[in-house]
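Heads up, entry-v8.txt below (compact mmCIF, C-alpha atoms):
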# COMPACT_ATOMS: atom_id res chain seq x y z
CA MET A 1 -65.20 16.15 2.04
CA PHE A 2 -61.66 16.91 3.15
CA ASP A 3 -60.67 20.61 2.85
CA PHE A 4 -57.93 20.28 0.24
CA GLN A 5 -57.55 24.04 -0.14
CA HIS A 6 -56.43 24.38 3.49
CA ILE A 7 -53.54 21.98 2.79
CA ILE A 8 -52.55 23.81 -0.39
CA ASP A 9 -52.66 27.17 1.41
CA LYS A 10 -50.50 25.81 4.24
CA TYR A 11 -47.66 24.59 2.03
CA TYR A 12 -47.93 26.80 -1.06
CA PRO A 13 -48.08 30.47 -0.01
CA ALA A 14 -50.23 32.79 -2.12
CA GLY A 15 -48.38 35.07 -4.49
CA THR A 16 -45.44 32.72 -5.08
CA PRO A 17 -44.42 31.30 -8.46
CA LEU A 18 -44.58 27.75 -7.05
CA ARG A 19 -48.16 28.28 -5.87
CA ASP A 20 -49.12 29.47 -9.37
CA ILE A 21 -47.45 26.47 -11.03
CA TYR A 22 -48.91 24.04 -8.53
CA THR A 23 -52.43 25.41 -8.74
CA ARG A 24 -52.47 25.62 -12.52
CA HIS A 25 -51.14 22.09 -12.95
CA CYS A 26 -53.43 20.48 -10.39
CA ARG A 27 -56.51 22.37 -11.60
CA SER A 28 -55.81 21.14 -15.15
CA VAL A 29 -55.45 17.56 -13.92
CA ALA A 30 -58.64 17.89 -11.86
CA ASP A 31 -60.61 19.30 -14.79
CA LYS A 32 -59.44 16.51 -17.09
CA ALA A 33 -60.16 13.81 -14.50
CA LEU A 34 -63.64 15.22 -13.91
CA ALA A 35 -64.31 15.40 -17.66
CA VAL A 36 -63.16 11.81 -18.18
CA ALA A 37 -65.24 10.61 -15.22
CA LYS A 38 -68.31 12.29 -16.66
CA ALA A 39 -67.69 11.03 -20.22
CA ARG A 40 -67.05 7.49 -18.98
CA ASN A 41 -69.92 7.65 -16.48
CA LEU A 42 -67.58 6.55 -13.71
CA GLN A 43 -69.21 5.95 -10.36
CA LEU A 44 -66.78 8.20 -8.50
CA ASP A 45 -67.64 11.16 -6.28
CA PRO A 46 -66.69 14.37 -8.17
CA ALA A 47 -65.62 16.01 -4.88
CA GLN A 48 -63.20 13.13 -4.22
CA ILE A 49 -61.85 13.34 -7.77
CA GLU A 50 -61.24 17.07 -7.35
CA ALA A 51 -59.60 16.70 -3.92
CA ALA A 52 -57.37 13.84 -5.11
CA ALA A 53 -56.27 15.70 -8.23
CA MET A 54 -55.67 18.95 -6.35
CA LEU A 55 -53.47 17.15 -3.79
CA HIS A 56 -51.68 14.55 -5.93
CA ASP A 57 -48.49 16.67 -6.18
CA ILE A 58 -48.58 18.18 -2.67
CA GLY A 59 -45.05 16.93 -1.91
CA ILE A 60 -43.19 18.68 -4.75
CA PHE A 61 -42.14 21.68 -2.63
CA LEU A 62 -39.78 19.44 -0.63
CA THR A 63 -37.93 18.28 -3.76
CA ASP A 64 -34.98 19.73 -5.61
CA ALA A 65 -36.55 20.93 -8.86
CA PRO A 66 -35.52 24.59 -9.27
CA GLY A 67 -36.97 24.76 -12.80
CA ILE A 68 -40.43 24.72 -11.20
CA HIS A 69 -39.43 26.74 -8.09
CA CYS A 70 -39.02 23.72 -5.81
CA HIS A 71 -35.98 24.26 -3.61
CA GLY A 72 -36.10 21.28 -1.28
CA THR A 73 -33.48 18.58 -0.90
CA GLU A 74 -35.27 15.39 -1.94
CA PRO A 75 -35.11 13.88 -5.45
CA TYR A 76 -38.16 14.86 -7.50
CA LEU A 77 -39.08 11.22 -8.10
CA THR A 78 -39.89 10.89 -4.38
CA HIS A 79 -42.57 13.60 -4.37
CA GLY A 80 -45.42 11.07 -4.40
CA ARG A 81 -44.21 9.28 -1.28
CA ILE A 82 -43.40 12.59 0.41
CA GLY A 83 -46.85 13.94 -0.44
CA ALA A 84 -48.59 10.81 0.80
CA ASP A 85 -46.73 10.99 4.11
CA LEU A 86 -47.59 14.69 4.45
CA LEU A 87 -51.28 14.03 3.74
CA ARG A 88 -51.37 11.25 6.32
CA ARG A 89 -49.84 13.59 8.94
CA GLU A 90 -52.46 16.20 8.03
CA GLY A 91 -55.27 13.72 8.64
CA ALA A 92 -56.31 13.41 4.99
CA PRO A 93 -58.33 10.35 4.01
CA GLU A 94 -56.10 7.42 3.09
CA LYS A 95 -57.59 7.31 -0.42
CA LEU A 96 -56.15 10.80 -1.10
CA ALA A 97 -52.74 9.85 0.29
CA ARG A 98 -52.68 6.78 -1.94
CA VAL A 99 -53.41 8.86 -5.04
CA ALA A 100 -50.37 11.02 -4.22
CA GLU A 101 -48.24 7.94 -3.54
CA ARG A 102 -49.24 6.04 -6.68
CA HIS A 103 -49.52 8.61 -9.47
CA THR A 104 -45.86 8.78 -10.52
CA GLY A 105 -45.25 7.69 -14.11
CA ALA A 106 -47.83 5.07 -14.98
CA GLY A 107 -47.17 3.53 -11.61
CA LEU A 108 -43.88 2.11 -10.37
CA THR A 109 -43.40 -1.65 -10.23
CA THR A 110 -41.09 -3.59 -7.92
CA ASP A 111 -38.68 -3.86 -10.87
CA ASP A 112 -38.75 -0.07 -11.23
CA LEU A 113 -38.02 0.27 -7.52
CA SER A 114 -35.03 -2.09 -7.68
CA ARG A 115 -33.54 -0.06 -10.52
CA MET A 116 -33.86 3.04 -8.29
CA ASN A 117 -31.49 1.55 -5.69
CA GLY A 118 -33.51 2.35 -2.59
CA LEU A 119 -34.74 5.79 -3.62
CA LEU A 120 -38.25 4.76 -2.58
CA PRO A 121 -39.05 2.28 0.19
CA ALA A 122 -40.07 -1.07 -1.28
CA ASP A 123 -42.52 -1.76 1.54
CA ARG A 124 -45.23 0.23 -0.23
CA SER A 125 -47.18 -0.08 -3.45
CA TYR A 126 -46.60 2.63 -6.04
CA MET A 127 -49.01 1.17 -8.57
CA PRO A 128 -52.38 2.89 -8.96
CA GLU A 129 -54.98 0.35 -7.95
CA SER A 130 -58.34 1.96 -7.23
CA PRO A 131 -60.35 3.66 -9.99
CA LEU A 132 -59.62 7.04 -8.35
CA GLU A 133 -55.87 6.34 -8.26
CA ARG A 134 -55.83 5.19 -11.89
CA LEU A 135 -57.94 8.14 -13.08
CA VAL A 136 -55.73 10.82 -11.51
CA CYS A 137 -52.58 9.01 -12.65
CA TYR A 138 -53.96 9.00 -16.20
CA ALA A 139 -55.08 12.64 -16.23
CA ASP A 140 -51.76 13.80 -14.76
CA LYS A 141 -49.79 12.52 -17.75
CA PHE A 142 -51.38 15.15 -19.99
CA TYR A 143 -49.96 18.15 -18.09
CA SER A 144 -46.47 19.30 -17.28
CA LYS A 145 -45.49 21.77 -14.58
CA SER A 146 -43.10 23.53 -16.93
CA GLY A 147 -43.20 25.06 -20.38
CA ASP A 148 -46.56 26.30 -21.63
CA MET A 149 -48.43 23.94 -19.27
CA GLN A 150 -51.05 23.35 -21.95
CA GLU A 151 -52.54 19.93 -22.40
CA LYS A 152 -50.19 17.58 -24.23
CA PRO A 153 -51.52 15.76 -27.26
CA PHE A 154 -51.72 12.00 -26.84
CA ASP A 155 -48.66 11.30 -29.01
CA ARG A 156 -46.55 13.69 -26.92
CA VAL A 157 -47.67 11.93 -23.73
CA LEU A 158 -46.50 8.63 -25.21
CA ARG A 159 -43.14 10.13 -26.26
CA SER A 160 -42.61 11.52 -22.75
CA LEU A 161 -43.19 8.06 -21.24
CA GLU A 162 -40.99 6.17 -23.73
CA LYS A 163 -37.83 7.24 -21.90
CA PHE A 164 -38.99 5.11 -18.94
CA GLY A 165 -39.23 2.01 -21.09
CA PRO A 166 -41.83 -0.10 -22.87
CA ASP A 167 -43.38 -1.39 -19.63
CA THR A 168 -44.30 2.15 -18.59
CA VAL A 169 -45.82 2.82 -22.01
CA SER A 170 -47.75 -0.44 -21.79
CA ARG A 171 -49.12 0.49 -18.35
CA PHE A 172 -50.15 3.90 -19.65
CA MET A 173 -51.90 2.27 -22.63
CA GLN A 174 -53.87 0.14 -20.17
CA LEU A 175 -54.96 3.34 -18.42
CA HIS A 176 -55.80 4.84 -21.80
CA SER A 177 -57.97 1.87 -22.70
CA GLU A 178 -59.84 2.44 -19.44
CA PHE A 179 -60.14 6.24 -19.58
CA GLY A 180 -59.25 7.47 -23.08
CA ASN A 181 -61.11 7.71 -26.36
CA THR A 182 -64.01 9.51 -24.75
CA SER A 183 -65.84 12.61 -25.83
CA ALA A 184 -63.64 14.60 -23.42
CA PRO A 185 -62.06 17.41 -25.47
CA THR A 186 -58.52 16.19 -24.73
CA ASP A 187 -58.87 13.00 -26.75
CA ALA A 188 -59.38 14.71 -30.08
CA THR A 189 -55.77 13.90 -30.98
CA ASP A 190 -56.17 10.14 -30.53
CA ALA A 191 -55.76 8.22 -33.74
Please rewrite the model in this file as structure tokens.
Amino acid sequence: MFDFQHIIDKYYPAGTPLRDIYTRHCRSVADKALAVAKARNLQLDPAQIEAAAMLHDIGIFLTDAPGIHCHGTEPYLTHGRIGADLLRREGAPEKLARVAERHTGAGLTTDDLSRMNGLLPADRSYMPESPLERLVCYADKFYSKSGDMQEKPFDRVLRSLEKFGPDTVSRFMQLHSEFGNTSAPTDATDA
């Protein structure tokens, strides 16, 4: 399997606040994705799930998000595309690059892209398609990179997505029907 830790070490120096935020967030997403995969008996390689989850946000350091110690110049919303491009340059498997590229929100449709006025190139797909892409996208919604960084209850995840419109919420609910309501500890708040 691809050495994801080498990539993290290269771009997120040890002992920095950003490294701590990045590692904590991605480890939480990986643990949730692995738990869901086990509870749902998904036929996905646990090593691939872990690598994909640990690298899904690799591009954040190049964005302008000082609240989470990112002091780059790119808009935060572009971190998935940036991360995917970085992973491709690093020789990562395409399936890992696509997870990074397609995890934002509950996926971004062509309508979403047109509302962004060229912020992201429209020649790519930003919708999670493979089971691995959908799983990491789903697990990611339960963890923030700011605040207490604890797992969000399901209702808080929904509230955080509502600001992006009903289509985003609907796409997340489709992911939830695929991956939620399992015996994974994080779904205890589902009604």
Would you mind telling me which residue in A:Leu132, A:Met54, A:Ile68, A:Leu77 lies nearest to Arg98 (chain A) when using all atoms listed in the file?
A:Leu132
Please, which residues are within 12 Å of (-43.5, 23.3, -3.2) by the file's coordinates, counting only C-alpha atoms, and could they come as a VMD selection string?
chain A and resid 7 to 14 16 to 23 55 57 to 74 76 79 82 to 83 145
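In this comparison, which uses all atoms listed in the file, the residue of A:Arg89, A:Glu50, A:Asn181, A:Met173 approaching Ala33 (chain A) most closely is A:Glu50.
Candidate residues A:Ala47, A:Leu119, A:Val169, A:Arg24 were compared for distance to Asp148 (chain A), and the nearest is A:Arg24, using all atoms listed in the file.
Counting all atoms listed in the file, the residue from A:Val36, A:Ser160, A:Gly118, A:Leu108 that sits nearest to His176 (chain A) is A:Val36.
Counting from CA of Gly105 (chain A), the distance to CA of Gly15 (chain A) is 29.2 Å.
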Could you pull out every residue with an atom within 12 Å of (-62.4, 3.3, -9.6), file coordinates, counting all atoms listed in the file, and send them as number ranges by chain?
A: 33, 37, 40-46, 48-49, 95, 99, 128-137, 175, 178-179
What does the distance from CA of Ser177 (chain A) to CA of Phe154 (chain A) come to in Å, to one decimal?
12.6 Å
Separation of CA of Asp31 (chain A) from CA of Phe164 (chain A), in Å and rounded to one decimal:
26.2 Å
Between A:Ala139, A:Ala92, A:Ala106, A:Met116, which has the minimum distance to His25 (chain A) (counting only C-alpha atoms)?
A:Ala139
Contacts of Val29 (chain A) within 7 Å, all atoms listed in the file, excl. fewer than 5 positions in-chain, as a ChimeraX atom specification
/A:53,139-140,143
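Residue nearest Arg171 (chain A) within the list A:Arg156, A:Arg124, A:Gly107, A:Phe142: A:Gly107 [criterion: smallest interatomic distance, all atoms listed in the file].
By chain and then residue number, the residues within 9 Å of Asp85 (chain A) are Gly59, Gly80, Glu90, Ala97 and Glu101 of chain A, counting all atoms listed in the file and disregarding those fewer than 5 positions away in sequence.
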